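Heads up, the thing below is written out as C-alpha cells.
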Amino acid sequence: MYATETAARETLEQIMADALSKSGSNRSAVRAVCLAVSGVNHATDEQRILNWLRYIFPSHVQLYVQNDAVAALASGTMGKLYGCVLIAGTGTIAYGFTEDGREARAAGAGPTLGDWGSGYGIAAQALTAVIREHDGRGPQTTLTSSILQALGLSSPDELIGWTYADPSWARIAALVPVVVSCAEEGDQVANKILQDSVEELALSVKAVVQRLGLCGEDGKVSFPLVMVGGVLEANKRWDIGKEVVNCISKDYPGALPIWPKVEPAVGAALLACNFFMKEFHSEVYRR
C-alpha cells in the first residue's frame with residue numbers, strides 16, 4: 001500500500017473512532033456503515049475503501065461505499081435514491097437515480113477537465129478577468145479592485161504570485177462572494193461569469209435528467225432536485241441557486257427543488273440504515 005493510502009486509512013480510522021467516542025458507543029455496537037467519499041467513481045475505488053473499512057470494523061458490520069453526491073441526494077430525500085442532486089461548492093457534480101436503480105452523472109471531473117459553474121470555476125474566471133483587464137485584453141471590471149482589496153494586494157501583478165503560491169481549489173473558490181458582490185453592484189463582467197455558471201450548472205442537471213428519463217416522455221413528470229453547496233445558497237439579489245432552478249424548469253417543469261435541512265453526513269446515515277434494513281428483510285424472507 002502506498003504511503004498516501006496508509007495515511008488516508010489511518011485518518012479514516014481515527015475519524016471513525018472519534019465519532020464513536022463522542023456518541024458513547026463502540027465498534028461492536030455498529031450494525032452498518034455508509035461512507036460517502038468524493039472521488040469514488042469506479043468499482044475499484046469502492047472495493048479499495050471497503051477493504052479499509054473491513055480492517056476497521058468487525059465482520060458482522062454491513063459496509064457500503066458511495067460517491068459523496070449520493071449521500072447529498074439522500075440528505076434531501078430522506079434516504080431514498082431517486083431524483084437528481086446538484087452539488088456546487090468548490091467543485092460541482094450532478095448525480096441522479098431512477099426508482100429502478102439506474103444512475104447517471106455529469107461534471108465532477110475536476111477543474112482541469114472543466115467543472116464550470118463550481119466555486120473554483122467562478123473564481124478562476126474572475127481572476128482571469130482581472131489579468132485580462134490589466135493586460136489590455138479585456139474590459140474594465142470592478143473585480144480588479146474588489147479582489148485586490150479582499151486579498152490585501154496592491155497590483156494585479158501580485159495576483160500571479162498569490163495564485164501560484166498555493167493554487168488549492170478551495171482557496172481560489174473562496175473568492176466567489178467577491179464575484180457575487182460585484183455582480184450585484186452592476187459589474188457586467190462579473191454578471192456574465194455568474195450567468196455562464198448558471199447555464200453550465202443547469203446543463204449538468206439537464207444531461208442527467210435526459211439520460212435517465214426522470215422527466216417522463218412529456219418532460220413534465222415530477223422529480224426531486226436536491227440543491228447542495230455554498231454556491232447554491234441564497235445570496236442577496238444575485239441568487240445562483242434560484243437562477244439555476246429557473247433555467248432547469250424551463251425545460252423540465254416537474255423539477256421540485258429541495259434545499260436539505262441536514263448535512264450530507266445525515267444522508268449517508270440514512271443510506272446505511274436503509275441498506276441495512278433491506279438486507280435484513282431479504283435475510284428474513286430467505287428464511
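As shown in the C-alpha cells, the chain order sets the letters A, B, ...; within each chain, residues go from 1, and ligands are also counted from 1 in the order they appear.
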
Inset, instruction - Please identify all polymer residues within 6 Å of A:Gly229, counting only C-alpha atoms, omitting same-chain residues fewer than 2 positions from it, and present them as a PyMOL selection string. - result: chain A and resi 87-89+231-232

Inset, instruction - Any chance you could list, as a PyMOL selection string, the residues in stretch 24-159 of chain A that come up strand (DSSP E) when DSSP is run on the backbone? - result: chain A and resi 32-37+62-67+83-88+92-97+103-107

Legend entry - Closest of A:Gln188, A:Ser204, A:Thr4, A:Ser146 to A:Asp115 - atom-to-atom distances counting only C-alpha atoms: A:Ser204

Legend entry - Spatial neighbours of A:Glu5, 12 Å, only C-alpha atoms, chain gap at least 6 places, as JSON, numbers by chain: {"A": [11, 12, 45, 48, 49, 51, 52]}

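Each of A:Asn191, A:Asn41, A:Asn67, A:Asn26 was compared to A:Pro264 using only C-alpha atoms, and A:Asn67 turns out to be the nearest.
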
Inset, instruction - Would you list the contacts of A:Val209 as a list in words, taking every protein, DNA or RNA residue within 8 Å and counting only C-alpha atoms, but skipping same-chain residues closer than 4 positions in sequence? - result: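 Contacts, with the query itself left out: Cys84, Gly96, Val205, Gly213, Leu214 and Cys215 of chain A.
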
Legend entry - A:Gln125 environment, 12 Å, only C-alpha atoms, sequence neighbours closer than 2 positions dropped, as number ranges by chain: A: 111, 114-123, 127-132, 143, 172-173, 175-176, 179, 189-194, 196-197

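Taking atom CA of A:Leu113 and atom CA of A:Gly91 as the two end points, the separation is 11.4 Å.
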
Inset, instruction - Could you check which of A:Thr112, A:Ser222, A:Gln210, A:Ser38 is closest to A:Ala69, using only C-alpha atoms? - result: A:Ser38

Inset, instruction - Have a look at atom CA of A:Glu263 and atom CA of A:Asp166 and let me know their distance in Å, one decimal. - result: 28.5 Å

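As for atom CA of A:Tyr82 and atom CA of A:Pro224, they are spaced 7.4 Å apart.
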
Inset, instruction - Name the residues of stretch 101-246 of chain A that come out as helix (DSSP H, G or I) in a backbone DSSP run; write them as a ChimeraX atom specification. - result: /A:111-113,119-135,143-151,156-165,169-173,176-184,188-212,230-232,240-246

Legend entry - Distance criterion (only C-alpha atoms): nearest to A:Leu212 out of A:Ile160, A:Ala126, A:Val198, A:Ala104: A:Ala104

Inset, instruction - Tell me which protein, DNA and RNA residues are within 7 Å of stretch 242-251 of chain A, counting only C-alpha atoms, leaving out same-chain ones fewer than 4 positions away, and put them as a ChimeraX atom specification. - result: /A:198,201-202,206,255

For the selection just defined, write its residues with N, CA and C atoms to a file, as a PDB file, in the first residue's frame.
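Contents of out28.pdb, as written:
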ATOM      1  N   VAL A 198     -24.488  29.671 -14.183  1.00  0.00           N
ATOM      2  CA  VAL A 198     -25.861  29.175 -14.048  1.00  0.00           C
ATOM      3  C   VAL A 198     -26.196  28.233 -15.197  1.00  0.00           C
ATOM      4  N   LEU A 201     -24.283  24.868 -14.806  1.00  0.00           N
ATOM      5  CA  LEU A 201     -24.847  24.034 -13.754  1.00  0.00           C
ATOM      6  C   LEU A 201     -26.169  23.412 -14.199  1.00  0.00           C
ATOM      7  N   ALA A 202     -26.984  24.223 -14.858  1.00  0.00           N
ATOM      8  CA  ALA A 202     -28.265  23.721 -15.358  1.00  0.00           C
ATOM      9  C   ALA A 202     -28.047  22.644 -16.417  1.00  0.00           C
ATOM     10  N   LYS A 206     -29.608  18.902 -16.561  1.00  0.00           N
ATOM     11  CA  LYS A 206     -30.403  18.506 -17.729  1.00  0.00           C
ATOM     12  C   LYS A 206     -29.847  17.253 -18.385  1.00  0.00           C
ATOM     13  N   ALA A 255     -39.365  19.531 -12.132  1.00  0.00           N
ATOM     14  CA  ALA A 255     -38.279  19.557 -11.149  1.00  0.00           C
ATOM     15  C   ALA A 255     -38.753  20.223  -9.862  1.00  0.00           C
TER      16      ALA A 255
END

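The shortest atom-to-atom distance to A:Leu225, with only C-alpha atoms taken into account, belongs to A:Leu256 out of A:Ala74, A:Ala174, A:Leu256, A:Ile15.
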